[in-house]
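Q: First, the structure itself, so that you have it in front of you.
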Amino acid sequence: MDATTKPQYDNGVVQYLSVGAVVFLVLGTIFGTYAAFELAYPALNLDIPEITFARLRVMHTNTVIYAFGGMTLMATAFYSVQRTNGVRLWSNGLAWVTAILFTIGLLAVVLTISLGMTTGKEYHEQEWPLAIAVAIVWTLYTVNFVMTIASRNKEKVPNVYVSNWFFLGMMVAVTYLYVVNGLALPVSLFRSYSLFSGVQDAMIQWWWGHNAVGFFLTAGFLGIMYYFVPKQAQRPIYSYRLSVIHFWALMFGYVWLGAHHLQYTALPDWTGSLGAVISLSMIIPSWGGALNGMLTLSGAWDRLRTDYILRFLIISLAFYAMSTFEGPVMSAKTVNALSHYTDWTIGHVHSGALGWVAMVSIGALYHMVMKLWKTEMYSMKLINFHFWLATIGTVFYIVAMWVSGIMQGLMWRAYDEYGVLAYSFAESVAAMHPYYVMRAVGGLLFTLGAVIMLYNVVMTIRMANAKQTATAGAAAAA
Amino acid sequence: MAHHNPWPNEGNTGHIWDEDIRELDNPPPLWWMLAFYASFIMIIFYALYYPTIPLANGYTKGLAGWTAVKEYHEDYQKLKDWRKAKFADKEEKLGSLSAAQILQDPDLKAYSIATSKMLFGDYCAACHGVGGQGNPNFPVLADDDWLWGGKIQQIQASITNGRVGNMPARGMMGNLTDEDIQNVADYALALSEGKGDDPQYAKGKAVFAKGMCLACHGPKGKPLAPAGAANLTDQIWRFAPNMNPTKEDMRKSYIHTITYGVNVKKNGEYLPGTRRAQMPTFKHRLPNADVNIKRLAVYVHELGGGQ
């Protein structure tokens, strides 16, 4: 290979998906923050059905998980699969079709939910026509990704890099989990009934529900980590062997976890226990990923002082390690009996979603924007500001939910001196108020950071385009 | 193929991607490997201890003999035993005595009130407020104004069977004109201020008789016996838009109530705009209803204005 010619990659679709991800991050966090304020001040729903908490919360989860998370996964996967395999996308046209359909599909999902159309299955609210569309788009994405790896020059790139394993693992698992959980009998255009019923439906639902977290929000984002951390830190991955072990442990382990959501229910006892014990055994494999990312920095820790993008990537690993410890602990029976159905669960989800998923995505997106537009960021200071807003916002959020969640759990089971429940349910709701306000403020800080990011990205692109026009103009003049 | 390795001495695996991504050949940290193996050993012990492994028929029961339902029953039994040891005599008396008798016994009365707070909070407070202070369109329980009677038996009957209010639209015969209704609304407001006999409200007073309002609300605006009709001579409002309505609010509210009535049905459907006033029956809703209704009746009786 001629050392002077750099390989050419398909960047347009990645640019589109990257900007789309930032836009959806802003939109999704605004939905979430407003929903949080509605919980603290219910009058804020203004009696408009489309923005009542019940719908806005689902619009929030769909926008942040599938629209923001999904677009980030597509952008980073299309970006890194080309570079780690040294080839362009198998089909740039297909990638564009995938990206455009995904955008339209997600907008339709959010719109239909605001109109009250829902399957009622958490993290799978899309009604059947949209669910089918999502599955098709996902398949197109997967095919393009697999074929790009397959089309690499096996002489030059004999081995498939670890980031691609994680993306692939996610694609395979999410496809079958999503399809099986989505099996339903349509009765009209926007109404269907699940093929499963009773406890089986609950089991299938959480088999998917937890793996939306385990594969979509973990495996995929570990793929992001494995490409962008060594790139941004300019350091080698700490241990190849560690990456192999924790990859397979997660792939085999995660699919078992769903039942830990259904302990102390009508589900047979063995299912909950099995889900719980596999969850507990996932702490160490999860830490394997966090460790491998963090130790990649060994010898370069000082870079955290100057490299704000690296800060996002590394703090995301700290939150990842924390929430993958917290989750299994919450699945242990005695803890679960207290924590389940309380805000602690919401806090746990957000320490993963804000602290890990969003932070690692934000770091990767900043990295890609600079590379794709071949420029520095418009403002590095604003990235640092964004970092602190996001970190403080996340901490506010999860601390508020820890306190309120544990308080809820304790209030619900407290007895007074007569052996009667000490608090009515409404009293426990009233006691949540200060924490709901604190959570909403945390969300607001995080959202503010996202808005600053969008501004920074837009200004960077404008700056890059202006420079390019000027250069082109100069070239034409010469 | 032999890669050119620009970092020959850092201990990488020799694989290089995207110009500079490479992996070191470090083993995983020892503590991590040990913990990893320990995780698998833990699965074995956990699976021996708890019901965990599905079999062709049923599943392994585990050495602990634990089941979720058993844990619940044991916990609940402990609580029940504790309560029994401390309060069995009192609970028995609540079961055997009438609510009126409980009210007579200072010790039992105090016990009933102390053990009612959570029941009231979960079953009553949504409509009547945490302290029985009421809500707009839901009656206050913490005063001495009773729609269905404030005697302990009457309160007990209200909780047991519920209450359904009713008032015809546009007077008993349904023949009040809009003008009549405005006049009688002004008269009702005057009654609440003790000015019902002022000559300026004579027209309204006449409508009060013509519409046969007095049949339920009493000739002077005060019902002769409690049967669900509101006392019009005080400023405790049955239907009000908020907790502190102005006089103008109340005039509008009266006009609405008189125009559309309360729980008025036409062809089995509620008339649009009709006031809804219904308390559900609690004899099937409350746990241990027999004792708990008496307990709550005493509690409500003592909130402020039991008779």
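Letters A, B, ... mark the chains of the structure tokens in the order given; residue numbers begin at 1 per chain; ligand numbers begin at 1, in order shown.
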Which neighbours of Met330 (chain A) fall inside 10 Å, counting only C-alpha atoms, when residues of the same chain fewer than 3 positions from it are skipped, and could you give them as a ChimeraX atom specification?
A: /A:260-261,276,279-280,325-327,333-340,344-345,348
Q: List every residue of region 14-257 of chain A that DSSP, applied to the backbone, labels as alpha helix (DSSP H), and write the result as number ranges by chain.
A: A: 14-40, 53-61, 70-85, 92-114, 128-150, 162-182, 198-211, 220-233, 240-254
Q: Within 8 Å of chain A, which residues of chain B are there when counting only C-alpha atoms? Please give them as a PyMOL selection string.
A: chain B and resi 1+12-13+15+17-18+20-28+32+35-36+39-40+42-43+46-47+50-54+59-60+67-69+79+82-83+87+114-115+117-119+121-122
Q: Grab the residues selected above and save them as an mmCIF file, in the first residue's frame with C-alpha atoms.
A:
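Everything below was put into again.cif:
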```
data_model
loop_
_atom_site.group_PDB
_atom_site.id
_atom_site.type_symbol
_atom_site.label_atom_id
_atom_site.label_comp_id
_atom_site.auth_asym_id
_atom_site.auth_seq_id
_atom_site.Cartn_x
_atom_site.Cartn_y
_atom_site.Cartn_z
ATOM 1 C CA MET B 1 1.109 -10.795 6.553
ATOM 2 C CA ASN B 12 1.294 -5.006 21.539
ATOM 3 C CA THR B 13 -0.167 -8.024 19.758
ATOM 4 C CA HIS B 15 -2.268 -6.133 15.020
ATOM 5 C CA TRP B 17 -6.057 -1.007 12.791
ATOM 6 C CA ASP B 18 -6.809 2.420 11.404
ATOM 7 C CA ASP B 20 -2.679 3.536 15.243
ATOM 8 C CA ILE B 21 -5.195 1.369 17.115
ATOM 9 C CA ARG B 22 -3.467 -1.591 18.723
ATOM 10 C CA GLU B 23 -3.889 -3.845 21.746
ATOM 11 C CA LEU B 24 -1.355 -4.781 24.381
ATOM 12 C CA ASP B 25 -0.693 -8.382 25.227
ATOM 13 C CA ASN B 26 -1.230 -7.816 28.966
ATOM 14 C CA PRO B 27 -3.026 -10.527 30.880
ATOM 15 C CA PRO B 28 -6.157 -9.335 32.701
ATOM 16 C CA TRP B 32 -10.063 -9.457 38.131
ATOM 17 C CA ALA B 35 -13.118 -12.398 40.933
ATOM 18 C CA PHE B 36 -14.268 -13.675 37.551
ATOM 19 C CA SER B 39 -18.477 -15.242 40.137
ATOM 20 C CA PHE B 40 -18.965 -18.660 38.594
ATOM 21 C CA MET B 42 -21.021 -18.082 43.418
ATOM 22 C CA ILE B 43 -23.558 -19.102 40.764
ATOM 23 C CA TYR B 46 -26.595 -19.637 44.840
ATOM 24 C CA ALA B 47 -28.242 -22.237 42.611
ATOM 25 C CA TYR B 50 -32.315 -20.923 46.053
ATOM 26 C CA PRO B 51 -34.800 -22.411 43.585
ATOM 27 C CA THR B 52 -32.913 -21.633 40.374
ATOM 28 C CA ILE B 53 -32.707 -24.418 37.806
ATOM 29 C CA PRO B 54 -35.658 -25.447 35.647
ATOM 30 C CA TYR B 59 -37.483 -26.910 39.147
ATOM 31 C CA THR B 60 -34.828 -27.354 41.829
ATOM 32 C CA THR B 67 -40.158 -19.312 48.083
ATOM 33 C CA ALA B 68 -41.394 -15.783 47.562
ATOM 34 C CA VAL B 69 -44.873 -16.600 48.832
ATOM 35 C CA LEU B 79 -46.601 -9.025 62.196
ATOM 36 C CA TRP B 82 -47.037 -9.298 67.251
ATOM 37 C CA ARG B 83 -50.297 -7.405 66.809
ATOM 38 C CA PHE B 87 -53.867 -5.719 70.691
ATOM 39 C CA ALA B 114 -54.766 5.837 66.162
ATOM 40 C CA THR B 115 -55.151 2.845 63.861
ATOM 41 C CA LYS B 117 -54.915 7.177 59.901
ATOM 42 C CA MET B 118 -53.449 5.010 57.134
ATOM 43 C CA LEU B 119 -56.843 3.540 56.196
ATOM 44 C CA GLY B 121 -55.250 8.130 53.899
ATOM 45 C CA ASP B 122 -55.502 5.290 51.395
#
```
Q: Show which residues sit within 9 Å of region 366-383 of chain A, as a PDB file with C-alpha atoms, in the first residue's frame. Count only C-alpha atoms, and ignore same-chain residues fewer than 4 positions away.
A:
```pdb
ATOM      1  CA  ASN A  11     -18.365  10.316   5.485  1.00  0.00           C
ATOM      2  CA  GLY A  12     -21.546  12.044   4.332  1.00  0.00           C
ATOM      3  CA  VAL A  14     -21.936   9.621   9.188  1.00  0.00           C
ATOM      4  CA  GLN A  15     -22.046  13.419   9.205  1.00  0.00           C
ATOM      5  CA  SER A  18     -23.910  12.590  13.945  1.00  0.00           C
ATOM      6  CA  VAL A  19     -25.778  15.868  13.653  1.00  0.00           C
ATOM      7  CA  ALA A  75     -22.972   6.978  13.135  1.00  0.00           C
ATOM      8  CA  THR A  76     -20.205   5.407  15.209  1.00  0.00           C
ATOM      9  CA  TYR A  79     -17.591   5.481  11.054  1.00  0.00           C
ATOM     10  CA  PHE A 228     -12.948   6.043  20.424  1.00  0.00           C
ATOM     11  CA  LYS A 231      -8.214   6.924  19.289  1.00  0.00           C
ATOM     12  CA  GLN A 232      -8.792   9.927  21.488  1.00  0.00           C
ATOM     13  CA  ASP A 307      -8.385  16.875  26.671  1.00  0.00           C
ATOM     14  CA  TYR A 308     -12.017  17.618  27.442  1.00  0.00           C
ATOM     15  CA  ILE A 309     -13.334  15.024  24.998  1.00  0.00           C
ATOM     16  CA  SER A 361     -21.726   9.103  22.956  1.00  0.00           C
ATOM     17  CA  ILE A 362     -21.007  12.776  23.488  1.00  0.00           C
ATOM     18  CA  PHE A 387     -18.693  18.362  30.573  1.00  0.00           C
ATOM     19  CA  TRP A 388     -19.327  19.977  33.935  1.00  0.00           C
ATOM     20  CA  GLY A 449     -25.263  20.955  28.217  1.00  0.00           C
ATOM     21  CA  ILE A 452     -24.563  23.999  24.201  1.00  0.00           C
ATOM     22  CA  MET A 453     -23.253  20.949  22.375  1.00  0.00           C
ATOM     23  CA  ASN A 456     -20.932  24.186  19.358  1.00  0.00           C
ATOM     24  CA  VAL A 457     -21.396  21.535  16.673  1.00  0.00           C
ATOM     25  CA  VAL A 458     -23.385  23.843  14.409  1.00  0.00           C
ATOM     26  CA  MET A 459     -20.813  26.631  14.766  1.00  0.00           C
ATOM     27  CA  THR A 460     -17.989  24.168  14.094  1.00  0.00           C
ATOM     28  CA  ILE A 461     -19.628  22.973  10.898  1.00  0.00           C
ATOM     29  CA  MET A 463     -16.717  27.453  10.491  1.00  0.00           C
ATOM     30  CA  ALA A 464     -15.439  24.402   8.581  1.00  0.00           C
ATOM     31  CA  ASN A 465     -17.686  25.099   5.612  1.00  0.00           C
TER      32      ASN A 465
END
```
Q: Using DSSP on the backbone coordinates, identify all residues within region 53-283 of chain B classified as strand (DSSP E or B); present the result as a tab-separated table (two decimals) with C-alpha atoms, in the first residue's frame.
A:
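out_12.tsv written:
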```
chain	number	residue	atom	x	y	z
B	54	PRO	CA	-35.66	-25.45	35.65
B	59	TYR	CA	-37.48	-26.91	39.15
B	135	ASN	CA	-61.83	19.24	48.25
B	138	PHE	CA	-66.15	16.81	47.81
B	163	ARG	CA	-74.31	7.58	49.24
B	164	VAL	CA	-75.79	8.84	46.02
B	167	MET	CA	-81.48	16.86	42.91
B	262	VAL	CA	-77.35	16.44	40.69
B	265	LYS	CA	-80.12	10.79	34.25
B	266	LYS	CA	-81.91	10.73	30.96
B	269	GLU	CA	-77.14	8.33	30.78
B	270	TYR	CA	-76.06	11.21	32.96
B	275	ARG	CA	-73.39	17.54	39.08
B	278	GLN	CA	-71.60	9.80	44.70
B	279	MET	CA	-69.70	8.04	47.42
```
Q: Would you kindly return, as a PyMOL selection string, each protein, DNA or RNA residue with an atom no farther than 8 Å from any atom of Phe102 (chain A), considering only C-alpha atoms and excluding same-chain residues fewer than 4 positions away?
A: chain A and resi 98+106+134+137
Q: Within 8 Å of Gly204 (chain B), counting only C-alpha atoms, which residues show up once you throw out same-chain ones fewer than 5 positions away? Write them as a CSV table (one decimal) with N, CA and C atoms, in the first residue's frame, please.
A:
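New file around09.csv:
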```
chain,number,residue,atom,x,y,z
B,180,ASP,N,-86.0,32.6,36.8
B,180,ASP,CA,-86.3,32.0,38.1
B,180,ASP,C,-85.0,31.5,38.7
B,182,GLN,N,-81.9,32.5,38.3
B,182,GLN,CA,-81.1,33.5,38.8
B,182,GLN,C,-81.6,34.1,40.1
B,183,ASN,N,-82.9,34.3,40.1
B,183,ASN,CA,-83.5,34.8,41.3
B,183,ASN,C,-83.3,33.9,42.5
B,184,VAL,N,-83.5,32.6,42.3
B,184,VAL,CA,-83.5,31.7,43.4
B,184,VAL,C,-82.0,31.5,43.9
B,185,ALA,N,-81.1,31.7,42.9
B,185,ALA,CA,-79.6,31.6,43.2
B,185,ALA,C,-79.3,32.8,44.2
B,186,ASP,N,-79.8,33.9,43.8
B,186,ASP,CA,-79.6,35.1,44.7
B,186,ASP,C,-80.2,34.9,46.1
B,187,TYR,N,-81.3,34.3,46.1
B,187,TYR,CA,-82.0,34.0,47.4
B,187,TYR,C,-81.2,33.0,48.2
```
